[in-house]
Amino acid sequence: MKNIILTGYMGSGKTTIGKNVAKIKEYLFVDTDEMIAAQQHRSISEIFAVDGEQAFRDMETALLRRMVDDKIEHMVLSTGGGMPLRAENRQLLSELGIVIYLKASPETIYSRIKGNTARPLLQCENPMKRIEEMIAERGPLYEEGAGMIINVDGIQQSEVAEQCVRAAEQIEQGE
């Protein structure tokens, strides 16, 4: 089976669900934000503060290019929430594997990440409004880059993980 790539807005469950999928499939779990932070020897918040969002997005694209070039297989990849915003990244992700968009409502996102100071894009006066605006902007791009969309609202993360595995298997069999 191809790699399984999870996209979606921050707080949609990509990391937790991705780890569950990796366990079910006995695949390697990779979180792109964690990889970039480790390579840079600093947090994502620090990268945003010092280098800016554009530099971070460039780091994401460079990481994806390396993964495609290295032909990594048997991996579950949890992407950063902004990774699919670039058309090049959406293309690279589709080359890496089966892309599943974990779709969550603004209310679900807010309930999961309120008070989390490690989210640099939400350090603002009205985080709920910012979440709504960003989902409205990003949602169509997530959908464009996805082979499958799974709504995660009100569903146990273990069940979403099983849905991801079934969806990936169906997509692969349909190819």
# chains A, B, ... in the order shown; residues from 1 in each chain; ligands from 1

$ closest_atom_pairs --of "stretch 10-127 of chain A" --to "stretch 140-161 of chain A" --cutoff "7 Å" --atoms "only C-alpha atoms" --output "tab-separated table"
residue	atom	partner	partner_atom	distance
A:Ile17	CA	A:Ala161	CA	5.3
A:Asn20	CA	A:Ala161	CA	5.9
A:Val21	CA	A:Ala161	CA	5.2
A:Pro84	CA	A:Tyr142	CA	6.2
A:Leu85	CA	A:Leu141	CA	6.2
A:Arg90	CA	A:Gly145	CA	5.3
A:Ile98	CA	A:Gly147	CA	6.3
A:Val99	CA	A:Ala146	CA	4.9
A:Ile100	CA	A:Met148	CA	4.9
A:Tyr101	CA	A:Ile149	CA	4.7
A:Leu102	CA	A:Ile150	CA	5.2
A:Lys103	CA	A:Asn151	CA	4.7
A:Ala104	CA	A:Val152	CA	5.5
A:Ser105	CA	A:Asp153	CA	6.7
A:Thr108	CA	A:Asp153	CA	6.4

$ write_last_selection --atoms "C-alpha atoms" --output "short mmCIF file (atom, residue, chain, number, x, y, z; two decimals), in the first residue's frame"
data_model
loop_
_atom_site.label_atom_id
_atom_site.label_comp_id
_atom_site.auth_asym_id
_atom_site.auth_seq_id
_atom_site.Cartn_x
_atom_site.Cartn_y
_atom_site.Cartn_z
CA ILE A 17 -5.11 9.72 14.35
CA ASN A 20 -3.26 5.16 15.43
CA VAL A 21 -3.24 4.52 11.67
CA PRO A 84 -1.41 21.89 1.48
CA LEU A 85 -1.82 25.62 0.78
CA ARG A 90 -0.47 19.36 -2.87
CA ILE A 98 -3.08 8.64 -0.52
CA VAL A 99 -4.13 12.02 0.87
CA ILE A 100 -6.94 12.05 3.44
CA TYR A 101 -8.38 15.36 4.60
CA LEU A 102 -9.54 15.24 8.23
CA LYS A 103 -12.34 17.80 8.13
CA ALA A 104 -13.38 19.42 11.40
CA SER A 105 -15.77 22.27 12.16
CA THR A 108 -14.46 21.27 17.12
#

$ closest_residue --among "A:Ile47, A:Leu63, A:Met10, A:Val30" --to "A:Gly139" --atoms "only C-alpha atoms"
A:Met10

$ closest_residue --among "A:Leu6, A:Leu77, A:Ala62, A:Met67" --to "A:Phe29" --atoms "only C-alpha atoms"
A:Leu77

$ closest_residue --among "A:Met128, A:Ala167, A:Leu64, A:Met83" --to "A:Gly8" --atoms "only C-alpha atoms"
A:Met83

$ closest_residue --among "A:Asp69, A:Glu169, A:Asp33, A:Glu125" --to "A:Phe56" --atoms "only C-alpha atoms"
A:Asp33

$ atom_distance --atom1 "atom CA of A:Ile135" --atom2 "atom CA of A:Lys23"
29.0 Å

$ select_by_dssp --residues "stretch 25-66 of chain A" --states "helix (DSSP H, G or I)" --output "ChimeraX atom specification"
/A:25,32-40,44-51,53-66

$ residues_around --residues "A:Glu53" --least-positions-apart "4" --cutoff "12 Å" --atoms "only C-alpha atoms" --output "MDAnalysis selection string"
chainID A and resid 44:49 57:60 82:83 120:121

$ select_by_dssp --residues "stretch 17-164 of chain A" --states "strand (DSSP E)" --output "mmCIF file with N, CA and C atoms, in the first residue's frame"
data_model
loop_
_atom_site.group_PDB
_atom_site.id
_atom_site.type_symbol
_atom_site.label_atom_id
_atom_site.label_comp_id
_atom_site.auth_asym_id
_atom_site.auth_seq_id
_atom_site.Cartn_x
_atom_site.Cartn_y
_atom_site.Cartn_z
ATOM 1 N N LEU A 28 5.597 3.411 9.600
ATOM 2 C CA LEU A 28 6.325 4.471 10.286
ATOM 3 C C LEU A 28 5.421 5.696 10.393
ATOM 4 N N PHE A 29 5.388 6.353 11.542
ATOM 5 C CA PHE A 29 4.633 7.603 11.693
ATOM 6 C C PHE A 29 5.598 8.777 11.599
ATOM 7 N N VAL A 30 5.268 9.759 10.765
ATOM 8 C CA VAL A 30 6.103 10.942 10.593
ATOM 9 C C VAL A 30 5.223 12.185 10.703
ATOM 10 N N ASP A 31 5.618 13.117 11.538
ATOM 11 C CA ASP A 31 4.937 14.404 11.676
ATOM 12 C C ASP A 31 5.854 15.469 11.080
ATOM 13 N N MET A 75 4.587 4.619 5.260
ATOM 14 C CA MET A 75 4.634 5.729 6.201
ATOM 15 C C MET A 75 3.247 6.343 6.320
ATOM 16 N N VAL A 76 2.919 6.801 7.528
ATOM 17 C CA VAL A 76 1.766 7.663 7.751
ATOM 18 C C VAL A 76 2.344 9.034 8.028
ATOM 19 N N LEU A 77 1.951 10.002 7.212
ATOM 20 C CA LEU A 77 2.504 11.352 7.306
ATOM 21 C C LEU A 77 1.436 12.314 7.810
ATOM 22 N N SER A 78 1.705 12.933 8.947
ATOM 23 C CA SER A 78 0.855 13.983 9.489
ATOM 24 C C SER A 78 1.464 15.315 9.066
ATOM 25 N N GLY A 97 1.581 9.633 -1.596
ATOM 26 C CA GLY A 97 0.624 8.618 -1.170
ATOM 27 C C GLY A 97 -0.807 9.056 -1.286
ATOM 28 N N ILE A 98 -1.645 8.394 -0.531
ATOM 29 C CA ILE A 98 -3.084 8.643 -0.516
ATOM 30 C C ILE A 98 -3.355 9.740 0.499
ATOM 31 N N VAL A 99 -3.903 10.853 0.026
ATOM 32 C CA VAL A 99 -4.126 12.020 0.873
ATOM 33 C C VAL A 99 -5.549 11.990 1.424
ATOM 34 N N ILE A 100 -5.653 12.032 2.753
ATOM 35 C CA ILE A 100 -6.943 12.052 3.436
ATOM 36 C C ILE A 100 -7.053 13.355 4.217
ATOM 37 N N TYR A 101 -8.112 14.100 3.917
ATOM 38 C CA TYR A 101 -8.385 15.364 4.599
ATOM 39 C C TYR A 101 -9.274 15.082 5.800
ATOM 40 N N LEU A 102 -8.764 15.365 6.997
ATOM 41 C CA LEU A 102 -9.542 15.241 8.227
ATOM 42 C C LEU A 102 -10.266 16.561 8.449
ATOM 43 N N LYS A 103 -11.536 16.567 8.115
ATOM 44 C CA LYS A 103 -12.336 17.799 8.130
ATOM 45 C C LYS A 103 -13.008 17.961 9.488
ATOM 46 N N MET A 148 -9.620 11.605 -0.364
ATOM 47 C CA MET A 148 -10.745 11.211 0.492
ATOM 48 C C MET A 148 -10.901 12.270 1.578
ATOM 49 N N ILE A 149 -12.151 12.540 1.955
ATOM 50 C CA ILE A 149 -12.438 13.478 3.038
ATOM 51 C C ILE A 149 -13.175 12.712 4.128
ATOM 52 N N ILE A 150 -12.715 12.859 5.357
ATOM 53 C CA ILE A 150 -13.382 12.230 6.493
ATOM 54 C C ILE A 150 -13.728 13.327 7.500
ATOM 55 N N ASN A 151 -15.012 13.442 7.816
ATOM 56 C CA ASN A 151 -15.464 14.408 8.812
ATOM 57 C C ASN A 151 -15.205 13.817 10.192
#

$ closest_residue --among "A:Ala168, A:Glu107, A:Leu96, A:Ile4" --to "A:Lys19" --atoms "only C-alpha atoms"
A:Ile4

$ atom_distance --atom1 "atom CA of A:Ile36" --atom2 "atom CA of A:Arg138"
21.5 Å

$ atom_distance --atom1 "atom CA of A:Gly11" --atom2 "atom CA of A:Pro106"
9.8 Å

$ closest_residue --among "A:Cys164, A:Ala55, A:Leu93, A:Ile171" --to "A:Lys25" --atoms "only C-alpha atoms"
A:Cys164
